[in-house]
$ cat start06.tsv   # TSV, C-alpha atoms
chain	number	residue	atom	x	y	z
M	1	MET	CA	30.81	12.05	-41.50
M	2	THR	CA	33.18	10.78	-38.79
M	3	THR	CA	32.67	13.96	-36.80
M	4	PHE	CA	28.89	13.53	-37.02
M	5	ARG	CA	29.07	9.93	-35.80
M	6	ASN	CA	31.28	10.96	-32.90
M	7	LEU	CA	28.71	13.60	-31.98
M	8	ILE	CA	25.93	10.98	-31.94
M	9	VAL	CA	27.99	8.68	-29.69
M	10	ALA	CA	28.71	11.51	-27.29
M	11	MET	CA	25.07	12.52	-27.16
M	12	ALA	CA	23.94	8.95	-26.52
M	13	ALA	CA	26.52	8.49	-23.78
M	14	SER	CA	25.36	11.67	-22.08
M	15	ALA	CA	21.75	10.52	-22.13
M	16	LEU	CA	22.50	6.99	-20.96
M	17	ALA	CA	24.52	8.37	-18.08
M	18	PHE	CA	21.18	9.02	-16.41
M	19	VAL	CA	19.95	5.45	-16.77
M	20	PRO	CA	21.72	3.71	-13.85
M	21	PHE	CA	20.51	6.31	-11.38
M	22	ALA	CA	16.83	5.47	-11.08
M	23	ALA	CA	15.01	7.40	-8.38
M	24	ALA	CA	15.65	5.91	-4.95
M	25	GLN	CA	12.78	4.24	-3.08
M	26	SER	CA	10.87	6.90	-1.20
M	27	THR	CA	10.42	6.84	2.55
M	28	ILE	CA	6.97	5.53	3.46
M	29	THR	CA	4.98	8.10	5.40
M	30	MET	CA	1.48	7.98	6.87
M	31	SER	CA	-0.85	10.74	7.98
M	32	ALA	CA	-1.63	10.55	11.70
M	33	THR	CA	-4.65	11.62	13.73
M	34	TYR	CA	-4.30	11.52	17.51
M	35	TYR	CA	-7.02	11.11	20.13
M	36	THR	CA	-7.18	11.08	23.92
M	37	ILE	CA	-9.73	8.80	25.58
M	38	ALA	CA	-10.85	9.94	29.03
M	39	ALA	CA	-9.48	8.03	32.00
M	40	GLY	CA	-13.01	7.32	33.20
M	41	ASP	CA	-14.26	5.81	29.94
M	42	GLN	CA	-16.29	2.62	30.39
M	43	ASP	CA	-13.80	0.53	28.35
M	44	MET	CA	-10.53	1.85	29.72
M	45	GLY	CA	-8.97	-0.58	32.21
M	46	HIS	CA	-11.97	-2.89	32.06
M	47	LEU	CA	-11.39	-5.24	29.11
M	48	ALA	CA	-10.15	-8.81	28.60
M	49	ALA	CA	-6.50	-9.47	29.38
M	50	GLY	CA	-4.30	-11.25	26.83
M	51	ALA	CA	-3.12	-10.78	23.25
M	52	PHE	CA	-5.73	-11.84	20.69
M	53	SER	CA	-5.66	-12.18	16.90
M	54	ASN	CA	-9.43	-12.28	16.36
M	55	GLU	CA	-10.83	-9.19	18.10
M	56	VAL	CA	-12.08	-7.40	14.96
M	57	ARG	CA	-13.85	-8.54	11.81
M	58	SER	CA	-12.16	-8.83	8.43
M	59	THR	CA	-13.57	-5.58	6.98
M	60	LEU	CA	-14.17	-2.07	8.28
M	61	GLY	CA	-17.67	-0.93	9.14
M	62	THR	CA	-19.81	1.62	7.33
M	63	ASP	CA	-18.20	4.47	9.28
M	64	GLY	CA	-14.70	3.26	8.43
M	65	LEU	CA	-13.94	1.85	11.88
M	66	PRO	CA	-13.00	-1.67	13.07
M	67	VAL	CA	-15.98	-3.92	13.87
M	68	LEU	CA	-16.01	-6.13	16.97
M	69	ASN	CA	-15.79	-9.78	15.89
M	70	THR	CA	-18.69	-11.27	17.85
M	71	ALA	CA	-21.80	-13.20	16.91
M	72	ALA	CA	-23.90	-10.10	17.56
M	73	PHE	CA	-22.16	-8.39	14.63
M	74	GLY	CA	-22.08	-11.20	12.09
M	75	CYS	CA	-19.32	-13.53	13.25
M	76	ALA	CA	-20.09	-17.20	12.48
M	77	SER	CA	-16.87	-18.91	13.55
M	78	GLY	CA	-13.63	-18.03	15.34
M	79	CYS	CA	-15.47	-15.26	17.18
M	80	PHE	CA	-13.99	-13.03	19.85
M	81	THR	CA	-15.55	-14.12	23.14
M	82	ASN	CA	-13.08	-12.91	25.78
M	83	THR	CA	-14.92	-10.82	28.33
M	84	PRO	CA	-15.38	-8.08	29.32
M	85	LEU	CA	-16.08	-7.10	25.70
M	86	PRO	CA	-15.63	-3.52	24.44
M	87	ALA	CA	-18.80	-1.49	24.97
M	88	ASP	CA	-17.87	1.75	23.14
M	89	LEU	CA	-19.64	0.55	19.99
M	90	THR	CA	-22.03	1.80	17.35
M	91	ALA	CA	-25.24	-0.11	16.63
M	92	GLY	CA	-23.33	-1.94	13.90
M	93	GLY	CA	-20.50	-2.99	16.22
M	94	GLU	CA	-17.85	-0.44	15.21
M	95	ILE	CA	-15.37	0.38	17.98
M	96	THR	CA	-15.45	4.14	18.57
M	97	TRP	CA	-12.12	4.85	20.28
M	98	TRP	CA	-11.15	6.81	17.15
M	99	SER	CA	-14.31	8.89	16.75
M	100	PRO	CA	-15.26	11.86	18.94
M	101	GLY	CA	-18.56	12.05	17.05
M	102	LEU	CA	-19.60	8.40	17.41
M	103	ASN	CA	-18.23	7.58	20.85
M	104	ARG	CA	-20.76	7.44	23.69
M	105	GLY	CA	-18.60	5.84	26.36
M	106	GLY	CA	-18.74	8.60	28.93
M	107	SER	CA	-21.13	9.26	31.78
M	108	GLY	CA	-24.61	9.95	30.46
M	109	GLY	CA	-23.71	8.61	27.02
M	110	VAL	CA	-21.52	11.54	25.99
M	111	SER	CA	-18.32	11.19	24.00
M	112	ASP	CA	-15.16	10.30	25.90
M	113	VAL	CA	-12.88	10.79	22.88
M	114	VAL	CA	-11.16	14.08	21.96
M	115	GLN	CA	-9.07	14.64	18.84
M	116	THR	CA	-5.85	16.31	19.98
M	117	GLY	CA	-3.79	16.69	16.82
M	118	THR	CA	-2.66	15.56	13.39
M	119	GLY	CA	0.71	14.97	11.82
M	120	THR	CA	2.85	12.67	9.71
M	121	ILE	CA	4.78	9.60	10.83
M	122	THR	CA	7.56	7.80	8.99
M	123	LEU	CA	8.05	4.04	8.86
M	124	PRO	CA	9.54	2.29	10.69
M	125	PHE	CA	7.59	3.80	13.60
M	126	ASN	CA	8.72	3.17	17.17
M	127	ASN	CA	7.22	4.79	20.26
M	128	THR	CA	7.36	2.72	23.43
M	129	SER	CA	6.02	5.60	25.57
M	130	PHE	CA	2.93	6.35	23.53
M	131	PHE	CA	1.03	8.59	25.95
M	132	PRO	CA	-1.27	11.55	25.32
M	133	PRO	CA	-1.24	14.11	23.99
M	134	ASN	CA	-0.13	12.96	20.52
M	135	GLY	CA	2.19	10.27	21.79
M	136	THR	CA	4.52	12.75	23.48
M	137	GLY	CA	3.16	13.15	27.03
M	138	PRO	CA	4.09	11.58	30.37
M	139	ASN	CA	2.51	8.48	31.84
M	140	SER	CA	0.19	10.50	34.05
M	141	ALA	CA	-2.88	8.23	33.88
M	142	ALA	CA	-4.89	11.34	32.93
M	143	GLY	CA	-6.10	9.70	29.73
M	144	PHE	CA	-5.42	6.99	27.16
M	145	GLN	CA	-3.72	7.43	23.80
M	146	ALA	CA	-5.45	6.41	20.57
M	147	ALA	CA	-4.22	7.05	17.04
M	148	MET	CA	-5.14	6.37	13.45
M	149	PHE	CA	-2.52	6.26	10.69
M	150	SER	CA	-3.39	6.15	6.99
M	151	SER	CA	-1.63	6.23	3.64
M	152	THR	CA	-1.90	5.29	-0.01
M	153	ILE	CA	0.99	3.18	-1.23
M	154	TYR	CA	2.06	2.16	-4.71
M	155	VAL	CA	3.13	-1.41	-5.45
M	156	PRO	CA	5.34	-1.37	-8.58
M	157	THR	CA	5.16	-5.13	-9.23
M	158	ALA	CA	2.89	-7.88	-7.93
M	159	GLU	CA	4.21	-8.88	-4.49
M	160	SER	CA	3.31	-9.62	-0.88
M	161	ILE	CA	3.90	-7.26	2.05
M	162	THR	CA	4.90	-8.28	5.57
M	163	PHE	CA	3.71	-6.11	8.45
M	164	ASN	CA	5.74	-6.12	11.66
M	165	LEU	CA	3.74	-5.01	14.69
M	166	GLY	CA	4.37	-4.45	18.37
M	167	SER	CA	1.75	-2.93	20.66
M	168	ASP	CA	0.55	-2.22	24.17
M	169	ASP	CA	-2.41	-2.50	23.81
M	170	VAL	CA	-4.53	-2.96	20.65
M	171	VAL	CA	-3.50	-2.40	17.05
M	172	PHE	CA	-5.42	-3.29	13.90
M	173	VAL	CA	-3.92	-2.92	10.39
M	174	TYR	CA	-6.09	-2.84	7.27
M	175	LEU	CA	-4.98	-3.15	3.67
M	176	ASP	CA	-7.57	-2.00	1.13
M	177	GLY	CA	-10.18	-2.08	3.89
M	178	THR	CA	-9.47	-5.69	4.89
M	179	VAL	CA	-7.71	-6.59	8.12
M	180	ALA	CA	-4.13	-7.70	7.45
M	181	CYS	CA	-2.77	-7.96	10.99
M	182	GLN	CA	-4.15	-7.43	14.48
M	183	ILE	CA	-3.17	-7.63	18.12
M	184	GLY	CA	-6.19	-7.19	20.38
M	185	GLY	CA	-6.70	-7.28	24.12
M	186	VAL	CA	-4.97	-5.80	27.16
M	187	HIS	CA	-1.31	-6.80	27.42
M	188	THR	CA	2.27	-5.66	27.74
M	189	LEU	CA	4.15	-5.07	24.50
M	190	ALA	CA	3.25	-7.98	22.20
M	191	SER	CA	4.54	-8.51	18.68
M	192	SER	CA	3.24	-10.08	15.50
M	193	ALA	CA	4.30	-10.39	11.84
M	194	CYS	CA	1.66	-10.90	9.16
M	195	THR	CA	2.14	-11.34	5.41
M	196	SER	CA	-0.48	-10.24	2.91
M	197	GLY	CA	-1.53	-12.14	-0.16
M	198	VAL	CA	0.03	-11.16	-3.47
M	199	LEU	CA	-0.97	-7.57	-4.21
M	200	THR	CA	-1.60	-6.39	-7.74
M	201	GLN	CA	0.57	-3.67	-9.22
M	202	GLY	CA	-0.94	-0.27	-8.47
M	203	PHE	CA	-2.34	1.81	-5.63
M	204	HIS	CA	-3.45	0.36	-2.28
M	205	THR	CA	-4.80	1.92	0.93
M	206	LEU	CA	-3.16	1.26	4.29
M	207	GLN	CA	-4.75	2.08	7.67
M	208	LEU	CA	-3.67	1.43	11.25
M	209	PHE	CA	-5.82	1.84	14.38
M	210	TYR	CA	-4.04	1.93	17.75
M	211	SER	CA	-5.35	2.36	21.29
M	212	ASP	CA	-3.94	2.05	24.77
M	213	ILE	CA	-6.79	0.74	26.94
M	214	ALA	CA	-5.17	0.01	30.31
M	215	PRO	CA	-3.01	2.01	32.74
M	216	THR	CA	0.75	1.79	33.28
M	217	LEU	CA	2.31	1.20	29.83
M	218	ALA	CA	1.62	2.17	26.22
M	219	GLY	CA	3.61	1.56	23.04
M	220	LEU	CA	3.49	0.97	19.30
M	221	THR	CA	6.02	-0.22	16.74
M	222	PHE	CA	5.18	-0.63	13.05
M	223	SER	CA	7.22	-1.41	9.95
M	224	ILE	CA	6.78	-2.95	6.52
M	225	THR	CA	9.02	-5.48	4.79
M	226	THR	CA	8.78	-5.25	1.01
M	227	SER	CA	10.90	-5.24	-2.10
M	228	GLY	CA	9.95	-1.76	-3.19
M	229	ILE	CA	6.60	-0.15	-2.38
M	230	ILE	CA	6.56	3.63	-2.29
M	231	ASN	CA	4.32	6.52	-1.37
M	232	PRO	CA	2.90	7.80	-4.66
M	233	THR	CA	2.88	11.43	-5.75
M	234	PRO	CA	-0.38	12.88	-7.11
M	235	THR	CA	1.14	13.02	-10.61
M	236	PRO	CA	3.62	10.19	-11.27
M	237	THR	CA	6.98	11.59	-12.37
M	238	PRO	CA	9.52	9.71	-14.48
M	239	THR	CA	12.59	8.27	-12.80
M	240	LEU	CA	15.98	9.54	-13.88
M	241	SER	CA	16.38	6.41	-15.98
M	242	GLU	CA	13.14	7.22	-17.78
M	243	TRP	CA	14.27	10.82	-18.28
M	244	GLY	CA	17.54	9.51	-19.69
M	245	LEU	CA	15.81	7.22	-22.17
M	246	MET	CA	13.43	9.96	-23.23
M	247	LEU	CA	16.34	12.36	-23.68
M	248	LEU	CA	18.20	9.74	-25.71
M	249	ALA	CA	15.17	9.15	-27.91
M	250	GLY	CA	14.81	12.89	-28.49
M	251	LEU	CA	18.49	13.33	-29.29
M	252	LEU	CA	18.52	10.42	-31.70
M	253	ALA	CA	15.37	11.66	-33.42
M	254	GLY	CA	16.88	15.12	-33.78
M	255	ALA	CA	20.20	13.71	-34.96
M	256	GLY	CA	18.40	11.55	-37.52
M	257	ALA	CA	16.61	14.57	-38.92
M	258	ILE	CA	19.89	16.47	-39.17
M	259	GLU	CA	21.57	13.58	-40.97
M	260	LEU	CA	18.67	13.26	-43.42
M	261	ARG	CA	18.84	16.99	-44.18
M	262	ARG	CA	22.61	16.77	-44.67
M	263	ARG	CA	22.25	13.93	-47.16
M	264	ARG	CA	19.59	15.74	-49.14
M	265	HIS	CA	21.79	18.80	-49.45
M	266	ALA	CA	24.83	16.73	-50.35
M	267	ALA	CA	23.05	14.57	-52.95
M	268	PRO	CA	23.51	16.95	-56.02
M	269	LEU	CA	27.23	17.20	-55.33
M	270	GLU	CA	27.66	13.44	-55.40
M	271	ARG	CA	26.25	13.02	-58.94
$ encode --input "start06.tsv" --output "structure tokens"
Amino acid sequence: MTTFRNLIVAMAASALAFVPFAAAQSTITMSATYYTIAAGDQDMGHLAAGAFSNEVRSTLGTDGLPVLNTAAFGCASGCFTNTPLPADLTAGGEITWWSPGLNRGGSGGVSDVVQTGTGTITLPFNNTSFFPPNGTGPNSAAGFQAAMFSSTIYVPTAESITFNLGSDDVVFVYLDGTVACQIGGVHTLASSACTSGVLTQGFHTLQLFYSDIAPTLAGLTFSITTSGIINPTPTPTPTLSEWGLMLLAGLLAGAGAIELRRRRHAAPLER
């Protein structure tokens, strides 16, 4: 009997050895799509100077793009009025710097936006020479860099998220389709930190829209401050602690069955 108990203790210790080593927080990554806007586009180098926190509306438009926050597109208060206003817009006010198909900012109403590549970025992101193509080129004034980053994140417990932004020029961040932080206008590298409301446990979408819209400089920095959000996998996998507990449960169940069998066999001998 003593030998059996020692075996159970050893098995339990082996299983529990996994428990302290829960899977480490994953690196947050975002898919990236890169665009180049033509140097002669009607908006490039022709928009309001300054850093603004009200350039786009609170939700994305029907085509999934930021909507200019003016009275013409539904703004009732705190509207963006700094002129010249962006003109590369859809009929519903969506800014088209991130859409080769919707943009009509070129001569004769043709698109001035070209998609140049895709990739993956890792947070924190820091590129203070964000020139085309794909944020890797020289400052040649041959075009303007635009980019769209997107990801699905998992929030393990209800909490708020703080977004840390720096941009030259515009950057708009959306959480679950609602703007969470924005720096609009034409300016040198400007920074902002914005904290979300308390997010529910579960999956949330994150999108960032960036565009350089004036010559000389271009840059973007982006990071998230949080206690533990992660990029989810398509099929959630147990942490090592969960594997350890499941292994322990299985071992104990098996050991219990063995002990019950032993007692049944030993019962006639004990009479």
$ axis_aligned_box --input "start06.tsv" --around "region 215-219 of chain M" --padding-each-side "6 Å" --output "AutoDock Vina command-line options"
--center_x 0.3 --center_y 1.7 --center_z 28.2 --size_x 18.6 --size_y 13.0 --size_z 22.2
$ residues_around --input "start06.tsv" --residues "Met148 (chain M)" --least-positions-apart "5" --cutoff "9 Å" --atoms "all atoms listed in the file" --output "JSON, numbers by chain"
{"M": [31, 32, 33, 34, 35, 98, 207, 208, 209, 210, 211]}
$ closest_residue --input "start06.tsv" --among "M:Gln115, M:Thr162, M:Thr225, M:Ser151" --to "Gly197 (chain M)" --atoms "only C-alpha atoms"
M:Thr162
$ closest_residue --input "start06.tsv" --among "M:Ser53, M:Thr70, M:Ser58, M:Thr118" --to "Ser150 (chain M)" --atoms "all atoms listed in the file"
M:Thr118
$ residues_around --input "start06.tsv" --residues "region 164-167 of chain M" --least-positions-apart "2" --cutoff "6 Å" --atoms "all atoms listed in the file" --output "ChimeraX atom specification"
/M:169,189-193,219-223
$ residues_around --input "start06.tsv" --residues "Ala49 (chain M)" --least-positions-apart "2" --cutoff "7 Å" --atoms "only C-alpha atoms" --output "list in words"
Leu47, Gly185, Val186 and His187 of chain M
$ closest_residue --input "start06.tsv" --among "M:Ile153, M:Val114, M:Ile121, M:Cys181" --to "Ile229 (chain M)" --atoms "all atoms listed in the file"
M:Ile153
$ residues_near_point --input "start06.tsv" --point "(-14.9, -3.7, 1.6)" --cutoff "12 Å" --atoms "only C-alpha atoms" --output "PyMOL selection string"
chain M and resi 57-66+174-179+205
$ atom_distance --input "start06.tsv" --atom1 "CA of Gln182 (chain M)" --atom2 "CA of Val56 (chain M)"
7.9 Å
$ atom_distance --input "start06.tsv" --atom1 "CA of Leu102 (chain M)" --atom2 "CA of Ile213 (chain M)"
17.7 Å
$ residues_around --input "start06.tsv" --residues "Ala71 (chain M)" --least-positions-apart "4" --cutoff "9 Å" --atoms "only C-alpha atoms" --output "list in words"
Cys75, Ala76, Ser77, Cys79, Phe80 and Thr81 of chain M
$ residues_around --input "start06.tsv" --residues "Thr122 (chain M)" --least-positions-apart "4" --cutoff "7 Å" --atoms "all atoms listed in the file" --output "count of residues only"
3
$ atom_distance --input "start06.tsv" --atom1 "CA of Thr216 (chain M)" --atom2 "CA of Thr90 (chain M)"
27.8 Å
$ closest_residue --input "start06.tsv" --among "M:Glu94, M:Glu55, M:Glu159, M:Asp112" --to "Asp41 (chain M)" --atoms "all atoms listed in the file"
M:Asp112
$ residues_near_point --input "start06.tsv" --point "(-16.1, -0.8, 19.7)" --cutoff "9 Å" --atoms "all atoms listed in the file" --output "list in words"
Leu65, Pro66, Val67, Leu68, Leu85, Pro86, Ala87, Asp88, Leu89, Thr90, Gly93, Glu94, Ile95, Thr96, Trp97 and Asn103 of chain M
$ closest_residue --input "start06.tsv" --among "M:Gly45, M:Gly109, M:Gly119, M:Gly92" --to "Phe149 (chain M)" --atoms "all atoms listed in the file"
M:Gly119
$ closest_residue --input "start06.tsv" --among "M:Val113, M:Ile183, M:Leu206, M:Val198" --to "Asn54 (chain M)" --atoms "all atoms listed in the file"
M:Ile183
$ build_atoms --input "start06.tsv" --residues "region 185-196 of chain M" --atoms "N, CA and C atoms" --output "PDB file, keeping the file's coordinate frame"
ATOM      1  N   GLY M 185      -6.790  -6.988  22.701  1.00  0.00           N
ATOM      2  CA  GLY M 185      -6.700  -7.280  24.120  1.00  0.00           C
ATOM      3  C   GLY M 185      -5.812  -6.346  24.909  1.00  0.00           C
ATOM      4  N   VAL M 186      -5.783  -6.571  26.223  1.00  0.00           N
ATOM      5  CA  VAL M 186      -4.970  -5.800  27.160  1.00  0.00           C
ATOM      6  C   VAL M 186      -3.718  -6.602  27.485  1.00  0.00           C
ATOM      7  N   HIS M 187      -2.546  -6.037  27.249  1.00  0.00           N
ATOM      8  CA  HIS M 187      -1.310  -6.800  27.420  1.00  0.00           C
ATOM      9  C   HIS M 187      -0.110  -5.866  27.446  1.00  0.00           C
ATOM     10  N   THR M 188       1.013  -6.373  27.904  1.00  0.00           N
ATOM     11  CA  THR M 188       2.270  -5.660  27.740  1.00  0.00           C
ATOM     12  C   THR M 188       2.660  -5.753  26.270  1.00  0.00           C
ATOM     13  N   LEU M 189       3.768  -5.133  25.913  1.00  0.00           N
ATOM     14  CA  LEU M 189       4.150  -5.070  24.500  1.00  0.00           C
ATOM     15  C   LEU M 189       4.209  -6.462  23.883  1.00  0.00           C
ATOM     16  N   ALA M 190       3.316  -6.699  22.915  1.00  0.00           N
ATOM     17  CA  ALA M 190       3.250  -7.980  22.200  1.00  0.00           C
ATOM     18  C   ALA M 190       3.561  -7.718  20.739  1.00  0.00           C
ATOM     19  N   SER M 191       4.141  -8.703  20.069  1.00  0.00           N
ATOM     20  CA  SER M 191       4.540  -8.510  18.680  1.00  0.00           C
ATOM     21  C   SER M 191       3.893  -9.549  17.770  1.00  0.00           C
ATOM     22  N   SER M 192       3.805  -9.186  16.495  1.00  0.00           N
ATOM     23  CA  SER M 192       3.240 -10.080  15.500  1.00  0.00           C
ATOM     24  C   SER M 192       3.753  -9.667  14.125  1.00  0.00           C
ATOM     25  N   ALA M 193       3.935 -10.651  13.244  1.00  0.00           N
ATOM     26  CA  ALA M 193       4.300 -10.390  11.840  1.00  0.00           C
ATOM     27  C   ALA M 193       3.277 -11.090  10.961  1.00  0.00           C
ATOM     28  N   CYS M 194       2.706 -10.357  10.027  1.00  0.00           N
ATOM     29  CA  CYS M 194       1.660 -10.900   9.160  1.00  0.00           C
ATOM     30  C   CYS M 194       1.997 -10.567   7.713  1.00  0.00           C
ATOM     31  N   THR M 195       1.839 -11.542   6.824  1.00  0.00           N
ATOM     32  CA  THR M 195       2.140 -11.340   5.410  1.00  0.00           C
ATOM     33  C   THR M 195       0.858 -11.343   4.595  1.00  0.00           C
ATOM     34  N   SER M 196       0.711 -10.352   3.749  1.00  0.00           N
ATOM     35  CA  SER M 196      -0.480 -10.240   2.910  1.00  0.00           C
ATOM     36  C   SER M 196      -0.438 -11.267   1.786  1.00  0.00           C
TER      37      SER M 196
END
